[in-house]
Amino acid sequence: MMMKTNKLYHRSGNQIKESALASLFFAPFAILFCIFVIWPVISAIYYSFTTFSVVQDPIWVGIKNYRYLITQDNVFLKALTNTLCFAFFSGILGFIMSFMVAWAIDGVKGKMFFALAFYAPSITSGIAMSVVWLYFFSPDSYGFINNFLLQNGFIDSPLLWTKDPQLIMIIVVIVSTWMGMGNGFLAFLSGFQNLQSEIMEAARIDGVHNRFQELIYVILPQMKPMLLFGAVNTVSTSFGIYDVPMTLAGSPGPENASLTLVGHMNDYAFNRLDYGYASTVAVVLFLLTFLVGRLMFRILSTKEE
Amino acid sequence: MNKYKKILFHIIGLVVSASVLFSAFSFPTYAGDKLIEQYPPIESDIDYSNNNVYYSDYCAKEGSDATEKVIVPINNAVSSDGNSHIKNSDGIEYFDWTDESIEWVEWSFEVNEDGYYNITVDYMALPGSVASPTRALTIDGKELFRELRDIQFPRLWTDKNEPTVDALGDAISPQQLEVEKRQLRRITDSMGRYTEPLKIWFAAGTHTIRFTMQREHLNIYSITLLPPVESLSYKEVLEKYKANGYKEATSSGAITIEAENALEKSDVVLQRQYNSNPCAVPTSEGNRILNTIGGANWNKGNQTITWKFNVSESALYKLELRLYTKYSDELNIYRQIAIDGTVPFKEFENYCFKYDGWRTECLQDENNEPYLIYLSEGEHTLSISVMTADYLDILCKLEESLELLSSDIQQIIKVTSVSPDSNFDYQLNKKIPNLLGDFEAIAKNISSQMTELENIIGEMPSGANSLLEIQYRLEMMIEDPYIIARNLTYLQDSETTLSTWISAFNNLPMELDYIHFNAPQNETENPQATFFQHIWSLCRNFIQSFSKDYDVVSSSASQETQNTIKVWISRGKEWGTLLKQLSDEEFTAKTGIGVDYSILPAGQLGTGGVMMLAVASGTAPDIALGLDSAVPGEYGMRDVALDLSQMEEYDEVKSRFTNGTMIPYYFNGGTYGLPETIDFGLLFYRKDILVDLDLEYPNTWNDIFNLVLPTIKRNGMDFWFEGGINIFLFQNGGSFYTEDGKQSDLGTEKAQAAFKMYSDLYKVYDVPYESNFYTRFRSGQMPIGISTLSTYIRIKEAAPEIDGKWDIALLPGIVQEDGTVRRDDFVTGTSLMIFKSTKMANEAWRFADWYTSSAIQKSYADMLQASIGSSAQWFSANREAFSLLSWTEKERKIVTEQLELVQGMPTVVGGYITARNLENARVRTVIQGMNYRESIEKAVEDIDLELELKREEFEQRLKYD
């Protein structure tokens, strides 16, 4: 600490000029970041302690919103369970699968083609993709899956994929896992390309003799930064899931079956005109994402970092 | 004597007690008279045995055309009410059909010569709605063929004025004006299926002809039987030209008609259109100009556009059209072309245009020799009408297949029930012996019709694949009849596919830019926009989009007004433009208050949308129109909407609507909005099918549950219900909330009983929750159901084949303790709201007052119909304007009576939660099988929690304020 102040104190004029110039270049980002990220976060935290309908002034209510959220809001719990469930499957499952796929594709001819094929769903809008999937899971006899099952006599009447609370979960997980796969995928693929062949060779001499051992003892340790990036990325997108379940089954859906945290937030903000409570949900969502992100860091980060 | 008396007395006593006994056990029936009356008597005096005969079969019979005309004496009319209704004006006698009660009128006349005749009617359509007057014709008490069921007598329309330009420089479509004049018309079919007027055989002797009312009014001046005229072939006409020594027009003698400047149109929807193509004449410089006519609306059989033009040189001309036919379905387009009302030669009776983009096409024969038309010096008219004749054969054959398929499906359902066990072998081929034969016939028919279509068009339209798939699947089922049962839903869907295709053949649109009568030696010029021209016009429009505000509707007249109110409309642009026209003429001119309109995309004016942000940022308008009926209440409770009950003459304005319609706008003693349009439930039923099934008109829900549902289910048909628990709740005397609006009232016995009825419909009776009622009602698979006014319009406008076979009725009700039947109904709709932030509350209120008044609502409804078409029916919430819409007298009685019984959803703090929890309750009971009582109780619990919470929030605010 001392060192730092000293250093600052002893700055020459040239250095000050330099840092002023640097600030100038940094300023556009800093200003925009403050306006569009820092300020909304702060105001959201403020509003979470108020009751606020946008069209009227906010009223300070203290921790009432938080108290209600924790003690009374059953729907929030439902939304949280749903989100965690989606996050678990589409996050963890998608994470593992995208790693496997990247591993499989690496070294295959026409890698770029496969890479594009796997990445495309992630950059397409969730709404568009869900519409495509609705062809499969349409709850009438037209739906591909229902049609197949009907044709082969597995079922007698079409399954209500997007209407039956018990089935909605399944299809949302399938669709969002498929979509989430691209998230870490590119990072993994580039990670595979940067593997050092010397280490591989050394490992082979030391007795690694199949690809699995290679994967576990050589590749994974080298890939930690990419894994970390992929994990944080996947978790944060999974917590933000909204448009897929909304398009597939509507939000909140029958019996709140397709309600996620973001859905819950939107519901309060735009249907119930209660921005205060919506901000509370947003703050909780923010904390949750942040904590899980830290957890990922803890698990995956190397000692040097 | 005494003994006999005693016996008689005993007998009477027995009869009386028996009848008392029976009546006690018999079903509770409605005591009133008007409902029973609604059920139509089966028309027994007309012979419908030719139900399945089409005109093509009828006229194929041997027989020669008549040679002399027969005049039907107009003044010996006999009408259904016994009066003659013959009027006389200026010495001209005519049959006056303005009286609603005239169901039919009949004339008898003498024919001296056997032969085919054209029936020619001299008529004048009387102002009413925009629909064409339609009548059914029967000859000698017999319907000779199907097409006679709906014979149309078109109105004539013209532009009221030349198009004007609004402040943005965009043209405004002119209003349509009905031309009231007599028309002489040889009757044709209503769909344009036959190129010639209908020929009807009359043997020598006395005959009667009866016109039966279908819709709209007309006066009949004369009826004549004329000998049919056979058009000459072009070859014969050409020889005539030569014999007369007609010469070809000189190269400078070309005549150009801008197609948008039409003289008369047979349908109000045929209007000037805007085309931005760089080769369109006149060419748009970026602004909207009306430079073409027709388009997607000029698609139905017999729609005719007529132009007037002057010829300065008597000579032979070739005809060139600048046109566009590249619409969906990839079908060829057909038009009939007539000069001065007559088709010049056979080839023009049904001229074919290929599926293609903008081009100038010279009308020519297969050797590319232009058809020449002789035009004498002076004024002429050109008429072009839509024809569907070439598809007639395919159409009829596919219709036959459709009917066969429908009856097969019903037979299958009788064996398998609606949801068959897919692993059970029903042995359908043995139980329904004709089934496989039918399937084979259908598959063969589809395949041969598709080949036929390919021959006509030259290639297979891509959409035809869905038909080929039906053929393929049917063949698979023939091979393995075991799979038929599990394909039941597929078969039902095939019905829809087939009927969609059949309607595609009746949809042949064309857009016209200009018409040339050119000298034969001149080249036909066919300008095509180059790639760069297209790019340029795209760029220009893109650049313009930065400076031009497309959402603002303002008028041509730069009105000098000090106070202008701002109105937001959440509807299509046409709605805004028309309202602007109306308010310029009727409101601003009289009050001096200007009105500025902004168009917002539909749905943007919900509770959470743009409007909320506008309020928050202080840029809200003065009035918003087109809001969902729940919105004003929600904003009212948040102190954003103005309390209208404080305004002058509020009571008068309020009395324009029924009490039930106003319910959603009340909150806490204030009124925060006014209804604009309404939609509510009605009972729809197919008369023909109910008669077949021997069913009575269902008067109560008991009738539906105990008689209708079992019977139609047994016959493989289904019931349709659209409306939710509201209907049962209201009819049971229940309500959504307690008196103070603080708690849900759905926990009461009445509400629970209502919920049980509602959920039983799906759970016990397996009524489909999602389905296409319109299609199934047409095909007869859902012969009865409850749907809304929008469905009424759809069936009325787009299901001509069941015209007259269906009807609407009051909702079935629930019998109350005192024996009366309650038929309460729900109502939804759109509304308007005045913002509290407005600085011109009084001006805004005057606008609202003006806008919701009967006269304005009626004119607005008419204008919408005229410029957008009958599908844009404006169901005004104003009860007087509503009753003046184009109903038949019978329908008017029903809808106005039902309107008095509607109830809206009351507004309470947190009310949005009710619908959501009711849906959850339905899912719990119907899908997950929870007991209805438990399910509704959970809903009540959830609703109450939310209501309490929300109210707490509001009380806090009150304290704060």
# chains A, B, ... in the order shown; residues from 1 in each chain; ligands from 1
>>> residues_around(residues="region 95-104 of chain A", least_positions_apart="6", cutoff="9 Å", atoms="only C-alpha atoms", output="CSV table (one decimal) with all heavy atoms, in the first residue's frame")
chain,number,residue,atom,x,y,z
A,115,ALA,N,-18.0,-27.3,-36.2
A,115,ALA,CA,-18.0,-26.3,-35.2
A,115,ALA,C,-19.2,-25.3,-35.4
A,115,ALA,O,-19.9,-25.0,-34.5
A,115,ALA,CB,-16.7,-25.5,-35.2
A,118,PHE,N,-22.5,-26.9,-34.5
A,118,PHE,CA,-22.8,-26.9,-33.1
A,118,PHE,C,-23.0,-25.6,-32.5
A,118,PHE,O,-23.7,-25.4,-31.5
A,118,PHE,CB,-21.7,-27.7,-32.3
A,118,PHE,CG,-21.9,-29.2,-32.4
A,118,PHE,CD1,-21.2,-29.9,-33.3
A,118,PHE,CD2,-22.8,-29.8,-31.5
A,118,PHE,CE1,-21.4,-31.3,-33.3
A,118,PHE,CE2,-23.0,-31.1,-31.5
A,118,PHE,CZ,-22.3,-31.9,-32.5
A,177,THR,N,-30.8,-27.4,-23.3
A,177,THR,CA,-29.5,-28.1,-23.3
A,177,THR,C,-28.9,-28.1,-24.7
A,177,THR,O,-27.7,-27.7,-24.9
A,177,THR,CB,-29.7,-29.6,-22.9
A,177,THR,OG1,-30.3,-29.7,-21.7
A,177,THR,CG2,-28.3,-30.3,-22.8
A,180,GLY,N,-27.8,-24.6,-25.2
A,180,GLY,CA,-26.7,-24.1,-24.4
A,180,GLY,C,-25.4,-24.8,-24.7
A,180,GLY,O,-24.3,-24.3,-24.3
A,181,MET,N,-25.4,-25.8,-25.5
A,181,MET,CA,-24.2,-26.6,-25.8
A,181,MET,C,-23.1,-25.7,-26.5
A,181,MET,O,-22.0,-25.9,-26.2
A,181,MET,CB,-24.5,-27.8,-26.7
A,181,MET,CG,-24.5,-29.0,-25.9
A,181,MET,SD,-25.1,-30.4,-26.9
A,181,MET,CE,-24.0,-30.4,-28.2
A,182,GLY,N,-23.6,-24.8,-27.3
A,182,GLY,CA,-22.6,-24.0,-28.0
A,182,GLY,C,-21.8,-23.0,-27.1
A,182,GLY,O,-20.8,-22.5,-27.4
A,183,ASN,N,-22.3,-22.8,-25.8
A,183,ASN,CA,-21.7,-21.8,-25.0
A,183,ASN,C,-20.3,-22.0,-24.7
A,183,ASN,O,-19.5,-21.1,-24.9
A,183,ASN,CB,-22.5,-21.7,-23.7
A,183,ASN,CG,-23.7,-20.8,-23.7
A,183,ASN,OD1,-23.7,-19.9,-24.5
A,183,ASN,ND2,-24.8,-21.2,-23.1
A,184,GLY,N,-19.9,-23.1,-24.2
A,184,GLY,CA,-18.5,-23.3,-23.9
A,184,GLY,C,-17.8,-23.9,-25.1
A,184,GLY,O,-16.5,-24.0,-25.1
A,185,PHE,N,-18.5,-24.3,-26.0
A,185,PHE,CA,-18.0,-25.1,-27.1
A,185,PHE,C,-16.8,-24.5,-27.8
A,185,PHE,O,-15.8,-25.1,-28.0
A,185,PHE,CB,-19.2,-25.4,-28.1
A,185,PHE,CG,-18.8,-26.2,-29.3
A,185,PHE,CD1,-18.6,-27.6,-29.2
A,185,PHE,CD2,-18.6,-25.6,-30.5
A,185,PHE,CE1,-18.2,-28.3,-30.3
A,185,PHE,CE2,-18.3,-26.3,-31.6
A,185,PHE,CZ,-18.1,-27.7,-31.5
A,186,LEU,N,-17.0,-23.2,-28.2
A,186,LEU,CA,-15.9,-22.6,-29.0
A,186,LEU,C,-14.6,-22.5,-28.1
A,186,LEU,O,-13.5,-22.7,-28.6
A,186,LEU,CB,-16.3,-21.2,-29.4
A,186,LEU,CG,-17.2,-21.1,-30.7
A,186,LEU,CD1,-17.2,-19.7,-31.2
A,186,LEU,CD2,-16.6,-22.1,-31.8
A,188,PHE,N,-13.7,-24.4,-25.7
A,188,PHE,CA,-13.1,-25.7,-25.6
A,188,PHE,C,-12.3,-26.1,-26.9
A,188,PHE,O,-11.2,-26.6,-26.9
A,188,PHE,CB,-14.2,-26.8,-25.4
A,188,PHE,CG,-14.9,-26.7,-24.1
A,188,PHE,CD1,-16.2,-27.1,-23.9
A,188,PHE,CD2,-14.2,-26.1,-23.0
A,188,PHE,CE1,-16.9,-26.9,-22.7
A,188,PHE,CE2,-14.9,-25.9,-21.8
A,188,PHE,CZ,-16.2,-26.3,-21.7
A,189,LEU,N,-13.0,-25.8,-28.0
A,189,LEU,CA,-12.4,-26.1,-29.3
A,189,LEU,C,-11.0,-25.4,-29.4
A,189,LEU,O,-10.0,-26.0,-29.8
A,189,LEU,CB,-13.3,-25.7,-30.4
A,189,LEU,CG,-13.1,-26.6,-31.7
A,189,LEU,CD1,-13.4,-28.0,-31.4
A,189,LEU,CD2,-14.1,-26.1,-32.8
A,192,PHE,N,-8.4,-27.0,-27.2
A,192,PHE,CA,-7.9,-28.2,-27.8
A,192,PHE,C,-6.8,-27.9,-28.8
A,192,PHE,O,-5.8,-28.6,-28.9
A,192,PHE,CB,-8.9,-29.1,-28.5
A,192,PHE,CG,-9.7,-29.9,-27.6
A,192,PHE,CD1,-11.0,-29.7,-27.2
A,192,PHE,CD2,-9.0,-31.0,-27.0
A,192,PHE,CE1,-11.6,-30.5,-26.3
A,192,PHE,CE2,-9.7,-31.8,-26.1
A,192,PHE,CZ,-11.0,-31.6,-25.7
A,215,LEU,N,-6.9,-37.8,-21.8
A,215,LEU,CA,-7.9,-36.8,-21.5
A,215,LEU,C,-7.8,-36.4,-20.1
A,215,LEU,O,-7.8,-35.2,-19.7
A,215,LEU,CB,-9.3,-37.3,-21.9
A,215,LEU,CG,-10.5,-36.4,-21.6
A,215,LEU,CD1,-10.5,-35.2,-22.5
A,215,LEU,CD2,-11.8,-37.1,-21.6
A,227,LEU,N,-12.2,-24.3,-19.3
A,227,LEU,CA,-13.3,-24.9,-18.5
A,227,LEU,C,-13.9,-23.9,-17.6
A,227,LEU,O,-15.2,-23.8,-17.5
A,227,LEU,CB,-12.8,-26.1,-17.7
A,227,LEU,CG,-12.3,-27.3,-18.4
A,227,LEU,CD1,-11.8,-28.4,-17.5
A,227,LEU,CD2,-13.4,-27.8,-19.3
A,230,GLY,N,-16.0,-21.5,-19.7
A,230,GLY,CA,-17.2,-22.2,-20.2
A,230,GLY,C,-18.2,-22.4,-19.0
A,230,GLY,O,-19.4,-22.1,-19.2
A,231,ALA,N,-17.7,-22.7,-17.9
A,231,ALA,CA,-18.6,-23.0,-16.8
A,231,ALA,C,-19.3,-21.7,-16.3
A,231,ALA,O,-20.5,-21.7,-16.2
A,231,ALA,CB,-17.8,-23.6,-15.6
A,234,THR,N,-21.8,-20.7,-19.0
A,234,THR,CA,-23.0,-21.6,-19.0
A,234,THR,C,-23.9,-21.3,-17.8
A,234,THR,O,-25.1,-21.2,-18.0
A,234,THR,CB,-22.6,-23.1,-19.0
A,234,THR,OG1,-21.5,-23.3,-19.9
A,234,THR,CG2,-23.7,-24.0,-19.3
>>> closest_atom_pairs(of="chain B", to="chain A", cutoff="6 Å", atoms="only C-alpha atoms", output="JSON lines")
{"residue": "B:Asp421", "atom": "CA", "partner": "A:Asp156", "partner_atom": "CA", "distance": 5.5}
{"residue": "B:Ser422", "atom": "CA", "partner": "A:Gly153", "partner_atom": "CA", "distance": 5.2}
{"residue": "B:Asn423", "atom": "CA", "partner": "A:Gly153", "partner_atom": "CA", "distance": 5.7}
{"residue": "B:Gly608", "atom": "CA", "partner": "A:Phe270", "partner_atom": "CA", "distance": 4.2}
{"residue": "B:Val615", "atom": "CA", "partner": "A:Val55", "partner_atom": "CA", "distance": 6.0}
{"residue": "B:Ala616", "atom": "CA", "partner": "A:Val55", "partner_atom": "CA", "distance": 4.9}
{"residue": "B:Asn920", "atom": "CA", "partner": "A:Glu255", "partner_atom": "CA", "distance": 5.0}
>>> write_last_selection(atoms="N, CA, C and O atoms", output="PDB file, in the first residue's frame")
ATOM      1  N   ASP B 421     -58.027 -46.968 -29.184  1.00  0.00           N
ATOM      2  CA  ASP B 421     -56.855 -47.641 -28.645  1.00  0.00           C
ATOM      3  C   ASP B 421     -56.011 -48.049 -29.847  1.00  0.00           C
ATOM      4  O   ASP B 421     -56.435 -48.848 -30.688  1.00  0.00           O
ATOM      5  N   SER B 422     -54.805 -47.523 -29.913  1.00  0.00           N
ATOM      6  CA  SER B 422     -54.057 -47.714 -31.156  1.00  0.00           C
ATOM      7  C   SER B 422     -53.506 -49.125 -31.286  1.00  0.00           C
ATOM      8  O   SER B 422     -53.023 -49.512 -32.342  1.00  0.00           O
ATOM      9  N   ASN B 423     -53.542 -49.904 -30.212  1.00  0.00           N
ATOM     10  CA  ASN B 423     -53.007 -51.255 -30.331  1.00  0.00           C
ATOM     11  C   ASN B 423     -54.084 -52.318 -30.422  1.00  0.00           C
ATOM     12  O   ASN B 423     -53.814 -53.502 -30.319  1.00  0.00           O
ATOM     13  N   GLY B 608     -48.136  -3.393 -19.526  1.00  0.00           N
ATOM     14  CA  GLY B 608     -46.706  -3.214 -19.323  1.00  0.00           C
ATOM     15  C   GLY B 608     -45.972  -2.535 -20.464  1.00  0.00           C
ATOM     16  O   GLY B 608     -44.768  -2.371 -20.413  1.00  0.00           O
ATOM     17  N   VAL B 615     -46.246   7.262 -19.817  1.00  0.00           N
ATOM     18  CA  VAL B 615     -46.771   7.912 -18.616  1.00  0.00           C
ATOM     19  C   VAL B 615     -45.623   8.269 -17.688  1.00  0.00           C
ATOM     20  O   VAL B 615     -45.529   9.391 -17.165  1.00  0.00           O
ATOM     21  N   ALA B 616     -44.691   7.313 -17.514  1.00  0.00           N
ATOM     22  CA  ALA B 616     -43.586   7.537 -16.590  1.00  0.00           C
ATOM     23  C   ALA B 616     -42.728   8.714 -17.043  1.00  0.00           C
ATOM     24  O   ALA B 616     -42.217   9.472 -16.229  1.00  0.00           O
ATOM     25  N   ASN B 920     -54.927 -22.637 -13.958  1.00  0.00           N
ATOM     26  CA  ASN B 920     -54.215 -23.653 -13.189  1.00  0.00           C
ATOM     27  C   ASN B 920     -55.186 -24.680 -12.621  1.00  0.00           C
ATOM     28  O   ASN B 920     -54.905 -25.878 -12.651  1.00  0.00           O
TER      29      ASN B 920
END
>>> residues_around(residues="Tyr334 (chain B)", least_positions_apart="2", cutoff="10 Å", atoms="only C-alpha atoms", output="PyMOL selection string")
chain B and resi 192+299+301+331-332+336-337+348-354+384-391+508-510
>>> residues_around(residues="Ala282 (chain A)", least_positions_apart="3", cutoff="9 Å", atoms="only C-alpha atoms", output="list in words")
Ala44, Ile45, Ser48, Leu261, Val262, Met265, Tyr277, Ala278, Ser279, Leu285, Phe286 and Leu287 of chain A
>>> write_last_selection(atoms="N, CA and C atoms", output="mmCIF file, in the first residue's frame")
data_model
loop_
_atom_site.group_PDB
_atom_site.id
_atom_site.type_symbol
_atom_site.label_atom_id
_atom_site.label_comp_id
_atom_site.auth_asym_id
_atom_site.auth_seq_id
_atom_site.Cartn_x
_atom_site.Cartn_y
_atom_site.Cartn_z
ATOM 1 N N ALA A 44 -31.566 -0.640 -9.312
ATOM 2 C CA ALA A 44 -32.356 -1.844 -9.054
ATOM 3 C C ALA A 44 -32.298 -2.187 -7.574
ATOM 4 N N ILE A 45 -31.107 -2.033 -6.984
ATOM 5 C CA ILE A 45 -30.979 -2.329 -5.555
ATOM 6 C C ILE A 45 -31.839 -1.351 -4.746
ATOM 7 N N SER A 48 -35.477 -2.193 -5.067
ATOM 8 C CA SER A 48 -35.879 -3.433 -4.412
ATOM 9 C C SER A 48 -36.331 -3.184 -2.981
ATOM 10 N N LEU A 261 -36.822 -17.688 -12.946
ATOM 11 C CA LEU A 261 -36.643 -16.469 -12.157
ATOM 12 C C LEU A 261 -36.848 -15.229 -13.013
ATOM 13 N N VAL A 262 -36.291 -15.251 -14.201
ATOM 14 C CA VAL A 262 -36.464 -14.093 -15.081
ATOM 15 C C VAL A 262 -37.935 -13.938 -15.452
ATOM 16 N N MET A 265 -39.676 -12.370 -12.611
ATOM 17 C CA MET A 265 -39.340 -10.950 -12.584
ATOM 18 C C MET A 265 -40.175 -10.183 -13.609
ATOM 19 N N TYR A 277 -40.871 -5.113 -6.424
ATOM 20 C CA TYR A 277 -40.683 -6.528 -6.152
ATOM 21 C C TYR A 277 -39.879 -7.191 -7.263
ATOM 22 N N ALA A 278 -40.118 -6.761 -8.493
ATOM 23 C CA ALA A 278 -39.355 -7.319 -9.610
ATOM 24 C C ALA A 278 -37.867 -7.049 -9.404
ATOM 25 N N SER A 279 -37.539 -5.854 -8.881
ATOM 26 C CA SER A 279 -36.140 -5.530 -8.627
ATOM 27 C C SER A 279 -35.584 -6.442 -7.539
ATOM 28 N N LEU A 285 -31.517 -12.787 -8.002
ATOM 29 C CA LEU A 285 -30.976 -13.514 -9.154
ATOM 30 C C LEU A 285 -29.515 -13.146 -9.383
ATOM 31 N N PHE A 286 -29.237 -11.866 -9.227
ATOM 32 C CA PHE A 286 -27.871 -11.372 -9.400
ATOM 33 C C PHE A 286 -26.943 -12.028 -8.386
ATOM 34 N N LEU A 287 -27.358 -12.032 -7.114
ATOM 35 C CA LEU A 287 -26.541 -12.624 -6.059
ATOM 36 C C LEU A 287 -26.313 -14.110 -6.323
#
>>> residues_around(residues="Met169 (chain A)", least_positions_apart="4", cutoff="12 Å", atoms="only C-alpha atoms", output="mmCIF file with C-alpha atoms, in the first residue's frame")
data_model
loop_
_atom_site.group_PDB
_atom_site.id
_atom_site.type_symbol
_atom_site.label_atom_id
_atom_site.label_comp_id
_atom_site.auth_asym_id
_atom_site.auth_seq_id
_atom_site.Cartn_x
_atom_site.Cartn_y
_atom_site.Cartn_z
ATOM 1 C CA ALA A 79 -39.443 -20.440 -10.133
ATOM 2 C CA THR A 81 -36.617 -24.795 -8.419
ATOM 3 C CA ASN A 82 -37.391 -24.607 -12.092
ATOM 4 C CA THR A 83 -34.414 -22.374 -12.766
ATOM 5 C CA LEU A 84 -32.052 -24.544 -10.763
ATOM 6 C CA CYS A 85 -33.359 -27.587 -12.523
ATOM 7 C CA PHE A 86 -32.900 -25.965 -15.922
ATOM 8 C CA ALA A 87 -29.505 -24.627 -14.875
ATOM 9 C CA PHE A 89 -29.386 -29.902 -16.749
ATOM 10 C CA SER A 90 -28.749 -27.374 -19.404
ATOM 11 C CA TRP A 161 -46.008 -31.668 -24.229
ATOM 12 C CA THR A 162 -46.488 -27.977 -23.672
ATOM 13 C CA LYS A 163 -49.641 -28.212 -21.564
ATOM 14 C CA ASP A 164 -48.938 -30.887 -19.000
ATOM 15 C CA PRO A 165 -46.904 -29.432 -16.123
ATOM 16 C CA VAL A 173 -34.490 -29.072 -20.596
ATOM 17 C CA ILE A 174 -34.010 -30.803 -23.922
ATOM 18 C CA VAL A 175 -34.318 -27.630 -25.929
ATOM 19 C CA SER A 176 -32.225 -25.481 -23.650
ATOM 20 C CA THR A 177 -29.505 -28.113 -23.288
ATOM 21 C CA VAL A 244 -37.166 -20.813 -24.362
ATOM 22 C CA PRO A 245 -39.718 -21.906 -21.725
ATOM 23 C CA MET A 246 -41.851 -18.866 -22.497
ATOM 24 C CA LEU A 248 -42.611 -23.364 -25.596
ATOM 25 C CA ALA A 249 -45.191 -23.256 -22.853
ATOM 26 C CA GLY A 253 -47.302 -21.711 -17.949
ATOM 27 C CA PRO A 254 -49.814 -24.129 -16.491
ATOM 28 C CA GLU A 255 -49.305 -24.465 -12.746
ATOM 29 C CA ASN A 256 -46.210 -22.234 -13.088
ATOM 30 C CA ALA A 257 -44.448 -25.183 -14.653
ATOM 31 C CA SER A 258 -42.374 -23.124 -17.040
ATOM 32 C CA LEU A 259 -41.782 -20.151 -14.783
ATOM 33 C CA THR A 260 -38.145 -19.198 -14.297
#
>>> residues_around(residues="Glu454 (chain B)", least_positions_apart="6", cutoff="12 Å", atoms="only C-alpha atoms", output="JSON, numbers by chain")
{"B": [330, 331, 332, 391, 394, 447, 448, 460, 461, 462, 464]}
>>> write_last_selection(atoms="N, CA, C and O atoms", output="CSV table (one decimal), in the first residue's frame")
chain,number,residue,atom,x,y,z
B,330,GLU,N,-49.6,-20.6,-56.5
B,330,GLU,CA,-49.0,-20.9,-57.8
B,330,GLU,C,-50.0,-21.4,-58.8
B,330,GLU,O,-49.8,-22.2,-59.6
B,331,LEU,N,-51.2,-20.8,-58.7
B,331,LEU,CA,-52.3,-21.3,-59.7
B,331,LEU,C,-52.4,-20.3,-60.8
B,331,LEU,O,-52.0,-19.1,-60.7
B,332,ASN,N,-52.9,-20.8,-62.0
B,332,ASN,CA,-53.2,-19.9,-63.1
B,332,ASN,C,-54.4,-19.0,-62.6
B,332,ASN,O,-55.3,-19.5,-61.9
B,391,TYR,N,-61.1,-24.7,-62.9
B,391,TYR,CA,-60.8,-25.5,-61.7
B,391,TYR,C,-62.1,-26.3,-61.3
B,391,TYR,O,-62.0,-27.0,-60.3
B,394,ILE,N,-61.9,-30.1,-61.0
B,394,ILE,CA,-61.1,-30.5,-59.8
B,394,ILE,C,-61.8,-30.2,-58.5
B,394,ILE,O,-61.8,-31.1,-57.6
B,447,SER,N,-55.1,-38.4,-56.8
B,447,SER,CA,-54.0,-38.5,-57.8
B,447,SER,C,-54.4,-38.1,-59.2
B,447,SER,O,-53.6,-37.3,-59.8
B,448,SER,N,-55.6,-38.4,-59.6
B,448,SER,CA,-55.9,-38.0,-61.0
B,448,SER,C,-56.2,-36.5,-61.0
B,448,SER,O,-55.9,-35.8,-62.0
B,460,MET,N,-46.5,-28.9,-61.2
B,460,MET,CA,-47.3,-29.1,-60.0
B,460,MET,C,-47.0,-28.0,-59.0
B,460,MET,O,-45.8,-27.7,-58.7
B,461,PRO,N,-48.0,-27.3,-58.5
B,461,PRO,CA,-47.7,-26.3,-57.4
B,461,PRO,C,-47.2,-27.0,-56.2
B,461,PRO,O,-47.6,-28.1,-55.8
B,462,SER,N,-46.2,-26.3,-55.6
B,462,SER,CA,-45.5,-26.9,-54.4
B,462,SER,C,-46.5,-27.3,-53.3
B,462,SER,O,-46.2,-28.3,-52.6
B,464,ALA,N,-49.2,-28.7,-53.4
B,464,ALA,CA,-50.0,-29.9,-53.7
B,464,ALA,C,-49.4,-31.1,-53.0
B,464,ALA,O,-50.1,-32.1,-52.9
>>> residues_around(residues="Leu363 (chain B)", least_positions_apart="4", cutoff="7 Å", atoms="only C-alpha atoms", output="PyMOL selection string")
chain B and resi 319-320+370-371
>>> closest_atom_pairs(of="region 599-659 of chain B", to="region 542-551 of chain B", cutoff="10 Å", atoms="only C-alpha atoms", output="Markdown table")
| residue | atom | partner | partner_atom | distance |
| --- | --- | --- | --- | --- |
| B:Ile599 | CA | B:Asp551 | CA | 4.9 |
| B:Leu600 | CA | B:Asp551 | CA | 7.0 |
| B:Pro601 | CA | B:Asp551 | CA | 9.2 |
>>> atom_distance(atom1="CA of Thr828 (chain B)", atom2="CA of Gln731 (chain B)")
17.0 Å
>>> select_by_dssp(residues="region 781-960 of chain B", states="alpha helix (DSSP H)", output="PyMOL selection string")
chain B and resi 789-798+841-851+854-868+879-883+889-899+912-922+932-960
>>> atom_distance(atom1="CA of Ile219 (chain A)", atom2="CA of Ser236 (chain A)")
25.0 Å
